[in-house]
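File shown: run_7.csv. Contents: CSV, C-alpha atoms.
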```csv
chain,number,residue,atom,x,y,z
W,1,MET,CA,132.6,153.0,88.2
W,2,MET,CA,136.1,152.4,86.9
W,3,GLY,CA,137.4,148.8,87.0
W,4,ALA,CA,140.6,147.9,88.8
W,5,PRO,CA,143.8,149.0,87.1
W,6,LEU,CA,145.5,146.3,85.1
W,7,ASP,CA,148.9,144.9,85.9
W,8,ILE,CA,149.4,143.0,82.7
W,9,GLY,CA,151.7,144.2,79.9
W,10,ASN,CA,154.5,146.8,79.7
W,11,GLY,CA,152.4,149.8,78.7
W,12,SER,CA,153.8,150.0,75.2
W,13,GLY,CA,152.1,149.7,71.9
W,14,ARG,CA,148.4,149.2,72.1
W,15,CYS,CA,146.7,149.1,75.5
W,16,GLY,CA,147.4,146.9,78.5
W,17,ALA,CA,146.4,143.2,78.3
W,18,GLU,CA,146.8,142.9,74.6
W,19,THR,CA,150.6,142.8,75.0
W,20,ASP,CA,150.2,139.6,76.9
W,21,PRO,CA,151.4,136.7,74.6
W,22,ARG,CA,148.6,134.5,76.0
W,23,PHE,CA,146.1,136.6,74.1
W,24,ALA,CA,148.0,136.8,70.8
W,25,GLY,CA,146.1,133.9,69.3
W,26,LEU,CA,142.7,135.7,69.8
W,27,GLN,CA,143.9,138.4,67.3
W,28,LEU,CA,143.8,135.8,64.6
W,29,LEU,CA,140.1,135.1,64.9
W,30,GLY,CA,137.6,136.6,62.5
W,31,SER,CA,135.0,136.7,65.3
W,32,ALA,CA,134.9,139.4,67.9
W,33,VAL,CA,136.3,138.4,71.3
W,34,VAL,CA,136.0,140.2,74.7
W,35,LEU,CA,137.7,138.9,77.8
W,36,LEU,CA,136.4,139.9,81.3
W,37,ASP,CA,137.7,139.4,84.8
W,38,ALA,CA,135.6,138.1,87.7
W,39,ALA,CA,134.4,141.6,88.4
W,40,GLY,CA,133.1,142.1,84.9
W,41,THR,CA,136.0,144.4,84.0
W,42,CYS,CA,137.1,144.3,80.3
W,43,LEU,CA,140.7,142.9,80.1
W,44,PHE,CA,141.1,142.5,76.3
W,45,ILE,CA,139.3,143.0,73.0
W,46,ASN,CA,140.6,141.7,69.7
W,47,GLU,CA,140.8,143.7,66.5
W,48,ALA,CA,137.6,142.1,65.2
W,49,ALA,CA,135.7,143.4,68.3
W,50,GLU,CA,137.2,146.9,67.7
W,51,GLN,CA,135.8,146.8,64.2
W,52,LEU,CA,132.4,145.3,65.1
W,53,PHE,CA,131.7,147.7,68.0
W,54,GLU,CA,133.6,150.7,66.6
W,55,ILE,CA,135.6,151.1,69.8
W,56,SER,CA,139.3,151.3,70.7
W,57,PRO,CA,141.1,149.4,73.5
W,58,ARG,CA,141.7,152.6,75.4
W,59,MET,CA,138.0,153.2,75.6
W,60,VAL,CA,137.1,149.9,77.3
W,61,ILE,CA,140.0,148.1,78.8
W,62,GLY,CA,140.0,148.6,82.6
W,63,HIS,CA,136.3,149.5,82.5
W,64,PRO,CA,133.1,147.5,83.0
W,65,TYR,CA,131.9,145.5,80.0
W,66,SER,CA,128.9,147.9,79.6
W,67,ARG,CA,131.4,150.1,77.8
W,68,VAL,CA,131.2,147.5,75.0
W,69,PHE,CA,127.7,146.1,75.2
W,70,GLY,CA,125.7,148.9,76.9
W,71,PHE,CA,123.4,148.7,79.9
W,72,ASP,CA,120.5,146.4,80.6
W,73,THR,CA,121.2,144.0,77.8
W,74,PRO,CA,120.9,140.2,77.5
W,75,VAL,CA,124.6,140.1,77.9
W,76,ASP,CA,124.2,140.8,81.7
W,77,ALA,CA,122.5,137.4,82.3
W,78,MET,CA,125.0,135.5,80.2
W,79,VAL,CA,128.0,137.1,82.0
W,80,ALA,CA,126.4,136.5,85.4
W,81,SER,CA,125.8,132.8,84.7
W,82,ALA,CA,129.3,132.3,83.3
W,83,ARG,CA,130.9,133.9,86.3
W,84,GLN,CA,129.0,131.5,88.5
W,85,GLN,CA,130.3,128.6,86.3
W,86,ALA,CA,126.7,127.6,85.7
W,87,TYR,CA,127.5,126.0,82.4
W,88,SER,CA,130.4,125.1,80.1
W,89,GLN,CA,129.2,127.6,77.5
W,90,ARG,CA,126.1,129.3,76.5
W,91,SER,CA,125.0,130.7,73.1
W,92,GLN,CA,122.3,133.2,72.4
W,93,ASP,CA,121.1,135.5,69.6
W,94,VAL,CA,121.1,139.1,70.9
W,95,GLU,CA,120.3,142.5,69.4
W,96,LEU,CA,122.5,145.3,70.7
W,97,GLU,CA,123.1,148.9,69.7
W,98,ARG,CA,126.5,150.3,69.3
W,99,ILE,CA,127.6,152.7,72.0
W,100,ASN,CA,127.8,155.5,69.4
W,101,ARG,CA,124.3,154.5,68.2
W,102,SER,CA,125.5,154.3,64.6
W,103,ALA,CA,123.8,150.9,64.0
W,104,THR,CA,121.9,148.1,65.6
W,105,LEU,CA,123.8,144.8,65.7
W,106,ARG,CA,122.2,141.3,65.4
W,107,LEU,CA,124.7,139.0,67.0
W,108,HIS,CA,125.1,135.3,67.8
W,109,MET,CA,127.0,135.5,71.2
W,110,THR,CA,128.7,132.7,73.1
W,111,ALA,CA,129.9,133.1,76.8
W,112,VAL,CA,132.5,130.7,78.0
W,113,PRO,CA,133.7,130.5,81.6
W,114,ILE,CA,137.5,130.3,82.0
W,115,GLU,CA,139.3,128.4,84.7
W,116,ALA,CA,141.3,130.6,87.1
W,117,GLY,CA,144.8,131.2,85.9
W,118,ARG,CA,144.3,129.8,82.4
W,119,LEU,CA,144.4,133.3,80.8
W,120,GLY,CA,145.7,135.6,83.6
W,121,ASN,CA,142.8,137.3,85.4
W,122,ALA,CA,140.3,136.4,82.7
W,123,SER,CA,137.1,134.8,84.0
W,124,VAL,CA,134.7,135.0,81.0
W,125,LEU,CA,135.3,134.9,77.3
W,126,LEU,CA,132.6,136.5,75.1
W,127,GLU,CA,132.6,135.7,71.4
W,128,CYS,CA,130.3,137.6,69.0
W,129,ARG,CA,129.5,136.9,65.3
W,130,GLU,CA,127.2,139.0,63.2
W,131,MET,CA,124.2,136.9,62.3
W,132,ASP,CA,123.9,138.4,58.8
W,133,GLN,CA,127.6,138.0,58.0
W,134,ARG,CA,127.1,134.8,56.0
W,135,LEU,CA,124.1,136.3,54.2
W,136,ARG,CA,126.2,139.4,53.3
W,137,VAL,CA,129.0,137.2,51.9
W,138,ASP,CA,126.6,135.2,49.8
W,139,ARG,CA,125.0,138.4,48.6
W,140,GLU,CA,128.4,139.8,47.6
W,141,VAL,CA,129.2,136.7,45.6
W,142,GLN,CA,125.8,136.7,43.9
W,143,LEU,CA,126.2,140.4,43.1
W,144,LEU,CA,129.7,139.8,41.6
W,145,GLU,CA,128.4,136.9,39.5
W,146,THR,CA,125.3,138.8,38.3
W,147,ALA,CA,127.4,142.0,37.6
W,148,ASN,CA,129.9,140.0,35.5
W,149,ALA,CA,127.1,138.4,33.5
W,150,ASN,CA,125.3,141.7,32.9
W,151,ARG,CA,128.6,143.4,31.9
W,152,GLU,CA,129.3,140.7,29.3
W,153,LEU,CA,125.8,141.0,27.9
W,154,VAL,CA,126.0,144.8,27.8
W,155,ARG,CA,129.5,144.7,26.2
W,156,ASN,CA,128.3,142.4,23.4
W,157,LEU,CA,125.2,144.4,22.9
W,158,ALA,CA,127.1,147.7,22.8
W,159,HIS,CA,129.5,146.3,20.1
W,160,GLU,CA,126.5,145.2,18.0
W,161,ILE,CA,125.0,148.7,18.2
W,162,LYS,CA,128.3,150.6,17.7
W,163,ASN,CA,129.0,149.0,14.3
W,164,PRO,CA,125.9,150.0,12.4
W,165,LEU,CA,125.8,153.5,14.1
W,166,GLY,CA,128.8,154.6,12.1
W,167,GLY,CA,127.2,153.5,8.9
W,168,ILE,CA,123.9,155.3,9.8
W,169,ARG,CA,125.7,158.6,10.6
W,170,GLY,CA,127.9,158.4,7.5
W,171,ALA,CA,124.9,157.7,5.2
W,172,ALA,CA,123.0,160.7,6.8
W,173,GLN,CA,126.0,163.0,6.1
W,174,LEU,CA,126.2,161.8,2.5
W,175,LEU,CA,122.5,162.3,2.1
W,176,GLU,CA,122.7,165.8,3.6
W,177,GLY,CA,125.2,166.8,0.9
W,178,GLU,CA,122.9,165.7,-1.9
W,179,LEU,CA,119.8,167.5,-0.6
W,180,PRO,CA,118.7,170.6,-2.6
W,181,GLY,CA,117.6,172.8,0.2
W,182,ASP,CA,118.1,173.5,3.9
W,183,GLY,CA,114.5,172.5,4.8
W,184,LEU,CA,115.2,168.8,4.3
W,185,ARG,CA,118.5,169.0,6.1
W,186,GLU,CA,116.7,169.4,9.4
W,187,TYR,CA,115.8,165.8,9.2
W,188,THR,CA,119.3,164.5,8.4
W,189,GLN,CA,120.6,166.6,11.4
W,190,VAL,CA,118.1,164.8,13.6
W,191,ILE,CA,119.6,161.5,12.4
W,192,ILE,CA,123.2,162.7,12.9
W,193,LYS,CA,122.5,164.1,16.4
W,194,GLU,CA,120.7,161.0,17.6
W,195,ALA,CA,123.5,158.8,16.2
W,196,ASP,CA,126.0,160.9,18.1
W,197,ARG,CA,123.9,160.6,21.3
W,198,LEU,CA,123.7,156.8,21.0
W,199,GLN,CA,127.5,156.7,20.3
W,200,ARG,CA,128.2,158.5,23.6
W,201,LEU,CA,125.9,156.1,25.4
W,202,VAL,CA,127.7,153.1,23.9
W,203,ASP,CA,131.1,154.6,24.8
W,204,ARG,CA,129.9,154.9,28.4
W,205,LEU,CA,128.8,151.3,28.4
W,206,LEU,CA,132.1,150.1,27.1
W,207,ALA,CA,134.3,152.4,29.3
W,208,PRO,CA,134.6,149.9,32.2
W,209,HIS,CA,136.0,147.2,30.0
W,210,ARG,CA,138.9,149.3,28.8
W,211,LEU,CA,142.2,148.6,30.4
W,212,ALA,CA,143.0,150.6,33.5
W,213,ARG,CA,145.9,152.9,33.5
W,214,ARG,CA,149.0,152.1,35.5
W,215,LYS,CA,148.2,151.8,39.2
W,216,VAL,CA,149.8,154.4,41.5
W,217,ALA,CA,149.8,155.0,45.3
W,218,VAL,CA,146.3,156.3,46.1
W,219,ASN,CA,145.4,158.3,49.2
W,220,ILE,CA,141.6,157.7,49.7
W,221,HIS,CA,141.2,161.0,51.4
W,222,GLU,CA,142.6,162.9,48.4
W,223,VAL,CA,139.9,161.0,46.4
W,224,CYS,CA,137.2,162.1,48.9
W,225,GLU,CA,138.4,165.7,48.9
W,226,ARG,CA,138.2,165.8,45.1
W,227,VAL,CA,134.6,164.5,45.3
W,228,ARG,CA,133.8,167.0,48.0
W,229,ALA,CA,135.1,169.9,46.0
W,230,VAL,CA,133.0,168.8,42.9
W,231,LEU,CA,129.8,168.5,45.0
W,232,SER,CA,130.5,171.8,46.7
W,233,ALA,CA,130.8,173.5,43.3
W,234,GLU,CA,127.6,171.9,41.9
W,235,PHE,CA,125.5,172.5,45.1
W,236,PRO,CA,127.3,175.5,46.8
W,237,ASN,CA,124.6,176.6,49.3
W,238,THR,CA,122.2,173.8,49.8
W,239,LEU,CA,124.3,170.6,50.2
W,240,THR,CA,126.4,169.9,53.3
W,241,VAL,CA,129.3,167.4,52.9
W,242,VAL,CA,130.5,166.1,56.2
W,243,ARG,CA,134.0,164.6,56.4
W,244,ASP,CA,134.6,161.7,58.9
W,245,TYR,CA,138.0,160.4,58.1
W,246,ASP,CA,140.3,157.9,59.7
W,247,ALA,CA,143.8,159.4,59.3
W,248,SER,CA,145.5,156.0,59.9
W,249,LEU,CA,144.4,154.6,56.6
W,250,PRO,CA,147.5,153.7,54.4
W,251,GLU,CA,147.9,154.4,50.8
W,252,PHE,CA,147.3,151.6,48.4
W,253,PRO,CA,147.9,150.8,44.7
W,254,GLY,CA,145.1,151.8,42.4
W,255,ASP,CA,143.8,153.7,39.4
W,256,ARG,CA,143.2,157.1,41.0
W,257,GLU,CA,140.9,158.5,38.3
W,258,GLN,CA,138.8,155.3,38.3
W,259,LEU,CA,138.4,155.6,42.1
W,260,ILE,CA,137.5,159.3,41.9
W,261,GLN,CA,134.9,158.5,39.3
W,262,ALA,CA,133.5,155.6,41.4
W,263,VAL,CA,133.2,157.7,44.6
W,264,LEU,CA,131.9,160.7,42.7
W,265,ASN,CA,129.2,158.5,41.1
W,266,LEU,CA,128.0,157.3,44.5
W,267,ALA,CA,128.1,160.9,46.0
W,268,ARG,CA,126.4,162.5,43.0
W,269,ASN,CA,123.7,159.8,43.1
W,270,ALA,CA,123.1,160.7,46.7
W,271,ALA,CA,123.0,164.4,46.0
W,272,GLN,CA,120.5,163.9,43.2
W,273,ALA,CA,118.4,161.8,45.5
W,274,LEU,CA,118.4,164.7,48.0
W,275,GLY,CA,117.5,167.1,45.2
W,276,GLY,CA,120.7,169.0,46.1
W,277,LYS,CA,119.4,169.8,49.6
W,278,GLY,CA,120.6,167.8,52.6
W,279,GLU,CA,123.6,166.1,54.1
W,280,ILE,CA,126.1,163.6,52.7
W,281,ARG,CA,128.7,162.0,55.0
W,282,LEU,CA,132.0,160.7,53.6
W,283,ARG,CA,133.3,158.3,56.2
W,284,THR,CA,136.5,156.2,56.1
W,285,ARG,CA,137.6,153.5,58.5
W,286,VAL,CA,140.0,150.6,58.7
W,287,ALA,CA,138.3,147.2,58.5
W,288,ARG,CA,140.2,144.1,59.8
W,289,GLN,CA,139.7,140.4,59.2
W,290,VAL,CA,136.8,141.0,56.8
W,291,MET,CA,135.4,138.8,54.0
W,292,ILE,CA,135.2,140.3,50.5
W,293,ALA,CA,133.5,138.0,48.1
W,294,ARG,CA,134.6,134.9,50.1
W,295,HIS,CA,138.2,136.1,50.3
W,296,LYS,CA,139.6,136.9,53.7
W,297,CYS,CA,141.3,140.3,54.0
W,298,ARG,CA,143.5,141.1,57.0
W,299,LEU,CA,143.2,144.8,56.3
W,300,ALA,CA,140.6,146.7,54.1
W,301,LEU,CA,139.4,150.1,53.4
W,302,ASP,CA,135.8,150.7,54.7
W,303,LEU,CA,134.4,153.8,52.9
W,304,HIS,CA,130.8,155.0,53.4
W,305,VAL,CA,128.8,157.5,51.4
W,306,ILE,CA,125.8,158.2,53.5
W,307,ASP,CA,122.9,160.6,52.8
W,308,ASN,CA,119.8,161.5,54.7
W,309,GLY,CA,117.4,161.4,51.7
W,310,PRO,CA,114.2,159.5,51.1
W,311,GLY,CA,115.9,156.2,50.4
W,312,ILE,CA,116.0,154.0,47.3
W,313,PRO,CA,112.6,152.8,46.0
W,314,GLU,CA,112.0,149.2,47.2
W,315,ALA,CA,111.1,148.1,43.7
W,316,ILE,CA,114.6,148.7,42.4
W,317,ARG,CA,116.6,148.2,45.6
W,318,ASP,CA,118.0,144.8,44.5
W,319,ARG,CA,118.8,146.0,41.0
W,320,ILE,CA,120.5,149.4,41.5
W,321,PHE,CA,123.9,148.2,40.2
W,322,PHE,CA,122.5,146.8,37.0
W,323,PRO,CA,123.1,148.8,33.9
W,324,LEU,CA,120.3,151.1,32.7
W,325,VAL,CA,118.3,150.7,36.0
W,326,THR,CA,117.4,154.1,37.5
W,327,GLY,CA,114.8,155.5,39.9
W,328,ARG,CA,115.3,159.1,38.7
W,329,ASP,CA,113.6,160.8,35.7
W,330,GLY,CA,116.2,161.5,33.1
W,331,GLY,CA,118.8,159.2,34.7
W,332,SER,CA,120.9,157.0,32.5
W,333,GLY,CA,121.2,154.2,35.0
W,334,LEU,CA,125.0,153.9,34.4
W,335,GLY,CA,126.5,155.7,37.4
W,336,LEU,CA,126.2,153.0,40.0
W,337,SER,CA,127.0,150.2,37.5
W,338,LEU,CA,130.2,152.0,36.5
W,339,ALA,CA,131.1,152.6,40.2
W,340,GLN,CA,130.6,148.9,41.0
W,341,THR,CA,132.7,147.9,38.0
W,342,PHE,CA,135.6,150.2,38.9
W,343,VAL,CA,135.6,149.0,42.5
W,344,GLN,CA,135.5,145.3,41.5
W,345,GLN,CA,138.5,145.9,39.2
W,346,HIS,CA,140.3,146.8,42.4
W,347,GLY,CA,139.3,143.6,44.1
W,348,GLY,CA,136.5,145.3,46.1
W,349,VAL,CA,132.8,145.5,46.3
W,350,ILE,CA,130.0,148.1,46.9
W,351,GLU,CA,127.1,147.3,49.3
W,352,CYS,CA,124.0,149.3,49.9
W,353,GLU,CA,121.6,149.6,52.9
W,354,SER,CA,118.7,152.0,52.4
W,355,ARG,CA,115.8,153.2,54.4
W,356,PRO,CA,113.9,156.5,54.6
W,357,GLY,CA,116.3,159.0,56.1
W,358,CYS,CA,119.5,157.0,55.6
W,359,THR,CA,121.0,155.5,52.5
W,360,ASP,CA,124.5,154.0,53.1
W,361,PHE,CA,126.8,152.9,50.2
W,362,ARG,CA,129.7,151.0,51.6
W,363,VAL,CA,132.9,150.5,49.6
W,364,LEU,CA,135.2,147.7,50.8
W,365,LEU,CA,138.6,147.6,49.1
W,366,PRO,CA,141.4,145.1,50.2
W,367,LEU,CA,144.5,146.8,51.4
W,368,ARG,CA,146.4,143.6,52.4
```
How does this structure look as structure tokens?
Amino acid sequence: MMGAPLDIGNGSGRCGAETDPRFAGLQLLGSAVVLLDAAGTCLFINEAAEQLFEISPRMVIGHPYSRVFGFDTPVDAMVASARQQAYSQRSQDVELERINRSATLRLHMTAVPIEAGRLGNASVLLECREMDQRLRVDREVQLLETANANRELVRNLAHEIKNPLGGIRGAAQLLEGELPGDGLREYTQVIIKEADRLQRLVDRLLAPHRLARRKVAVNIHEVCERVRAVLSAEFPNTLTVVRDYDASLPEFPGDREQLIQAVLNLARNAAQALGGKGEIRLRTRVARQVMIARHKCRLALDLHVIDNGPGIPEAIRDRIFFPLVTGRDGGSGLGLSLAQTFVQQHGGVIECESRPGCTDFRVLLPLR
């Protein structure tokens, strides 16, 4: 049943109650906030709640709170007690499923009764925080520190390898010129070709440390479309690439080629895990009030590369962004490491959640 129509606000901008200046301060909170009236009708959600539950104000304001939290959940008892003024506030850990069933949320929720007239018709304030948010922030910081240490080690090692490689190749060429017959030159060619192969590997290890080109305005959907075109050419009949874009995402300054390479490495890794047969979803959203490596970002790009493959082997799941770590025969173990490096050079981070049937690489890039 629809809730009673709202009489707050002037109908302009975003929806209804959020134009009321009394709610403006709630937009500054990093936690998700939902305001209900005495009948359980949703009066207001802040931007953090929009992001957390993947809903818009027009979907829920003026409707019962089940539009946000679902039916038959622990929230029902919390709201009922708050409406009866049974306590000053009540906190509880709850597990809810997003309305679109895209994920299960583990939340620490607080219900606070509101005195009549303090916030218009509001009767109950619900505040939600993801229980694993702190763990995720700590994991991001640890990932950045470990990645920096590994890159420094690899860079030093690559330089140490690169210097004698030139001497080995040059000596093999000189030796080849002195050999009397073609039979023995087969061996010098092996030396030269292996030296060239190692040189290419060293160049790839050193590539992320080279200075980025001048940053330009980047449209992330142009990046995604370039990646989609490459995948479609490599796997024309067996791989499905689904586009799920948020057209409201603004352009941002960045190195376009680096970002194409980063997203392509993630998508190609997914395609190879699928054996070229399956589905990859490129999904973009706006993230608000998020933490990226302990830095608060008012606005961020939230890009997902999702595949329905077998998942990442548990033995390497925590090390997939380390150089030379791979779970695929014949893999170099550099693709994900390079992707993480390019994203970090833009102030962002790549996270990964994987289970059989769903592997999700999430790219967070600050926009403001």
- Gap from CA of Ala273 in chain W to CA of Gly309 in chain W - Å, one decimal: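 Computing the Euclidean distance for CA of Ala273 in chain W and CA of Gly309 in chain W yields 6.3 Å.
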- Point-to-point distance in Å for CA of Ala287 in chain W and CA of Val242 in chain W: 20.6 Å
Counting all atoms listed in the file, what is within 8 Å of range 292-307 of chain W, bar same-chain residues fewer than 4 positions away, as a PDB file with C-alpha atoms, in the frame of the given file?
```
ATOM      1  CA  VAL W 137     129.000 137.200  51.900  1.00  0.00           C
ATOM      2  CA  ASP W 138     126.600 135.200  49.800  1.00  0.00           C
ATOM      3  CA  GLU W 140     128.400 139.800  47.600  1.00  0.00           C
ATOM      4  CA  VAL W 141     129.200 136.700  45.600  1.00  0.00           C
ATOM      5  CA  LEU W 144     129.700 139.800  41.600  1.00  0.00           C
ATOM      6  CA  LEU W 249     144.400 154.600  56.600  1.00  0.00           C
ATOM      7  CA  LEU W 266     128.000 157.300  44.500  1.00  0.00           C
ATOM      8  CA  ALA W 267     128.100 160.900  46.000  1.00  0.00           C
ATOM      9  CA  ALA W 270     123.100 160.700  46.700  1.00  0.00           C
ATOM     10  CA  ALA W 271     123.000 164.400  46.000  1.00  0.00           C
ATOM     11  CA  LEU W 274     118.400 164.700  48.000  1.00  0.00           C
ATOM     12  CA  GLY W 278     120.600 167.800  52.600  1.00  0.00           C
ATOM     13  CA  GLU W 279     123.600 166.100  54.100  1.00  0.00           C
ATOM     14  CA  ILE W 280     126.100 163.600  52.700  1.00  0.00           C
ATOM     15  CA  ARG W 281     128.700 162.000  55.000  1.00  0.00           C
ATOM     16  CA  LEU W 282     132.000 160.700  53.600  1.00  0.00           C
ATOM     17  CA  ARG W 283     133.300 158.300  56.200  1.00  0.00           C
ATOM     18  CA  THR W 284     136.500 156.200  56.100  1.00  0.00           C
ATOM     19  CA  ARG W 285     137.600 153.500  58.500  1.00  0.00           C
ATOM     20  CA  VAL W 286     140.000 150.600  58.700  1.00  0.00           C
ATOM     21  CA  ALA W 287     138.300 147.200  58.500  1.00  0.00           C
ATOM     22  CA  ARG W 288     140.200 144.100  59.800  1.00  0.00           C
ATOM     23  CA  GLY W 348     136.500 145.300  46.100  1.00  0.00           C
ATOM     24  CA  VAL W 349     132.800 145.500  46.300  1.00  0.00           C
ATOM     25  CA  GLY W 357     116.300 159.000  56.100  1.00  0.00           C
ATOM     26  CA  CYS W 358     119.500 157.000  55.600  1.00  0.00           C
ATOM     27  CA  THR W 359     121.000 155.500  52.500  1.00  0.00           C
ATOM     28  CA  ASP W 360     124.500 154.000  53.100  1.00  0.00           C
ATOM     29  CA  PHE W 361     126.800 152.900  50.200  1.00  0.00           C
ATOM     30  CA  ARG W 362     129.700 151.000  51.600  1.00  0.00           C
ATOM     31  CA  VAL W 363     132.900 150.500  49.600  1.00  0.00           C
ATOM     32  CA  LEU W 364     135.200 147.700  50.800  1.00  0.00           C
ATOM     33  CA  LEU W 365     138.600 147.600  49.100  1.00  0.00           C
ATOM     34  CA  PRO W 366     141.400 145.100  50.200  1.00  0.00           C
ATOM     35  CA  LEU W 367     144.500 146.800  51.400  1.00  0.00           C
ATOM     36  CA  ARG W 368     146.400 143.600  52.400  1.00  0.00           C
TER      37      ARG W 368
END
```
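CA of Arg22 in chain W lies 28.7 Å from CA of Leu96 in chain W.
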- For Lys193 in chain W, work out the shell of residues within 9 Å, counting all atoms listed in the file and skipping chain neighbours fewer than 5 positions away, then give it as a ChimeraX atom specification. /W:169,188,198
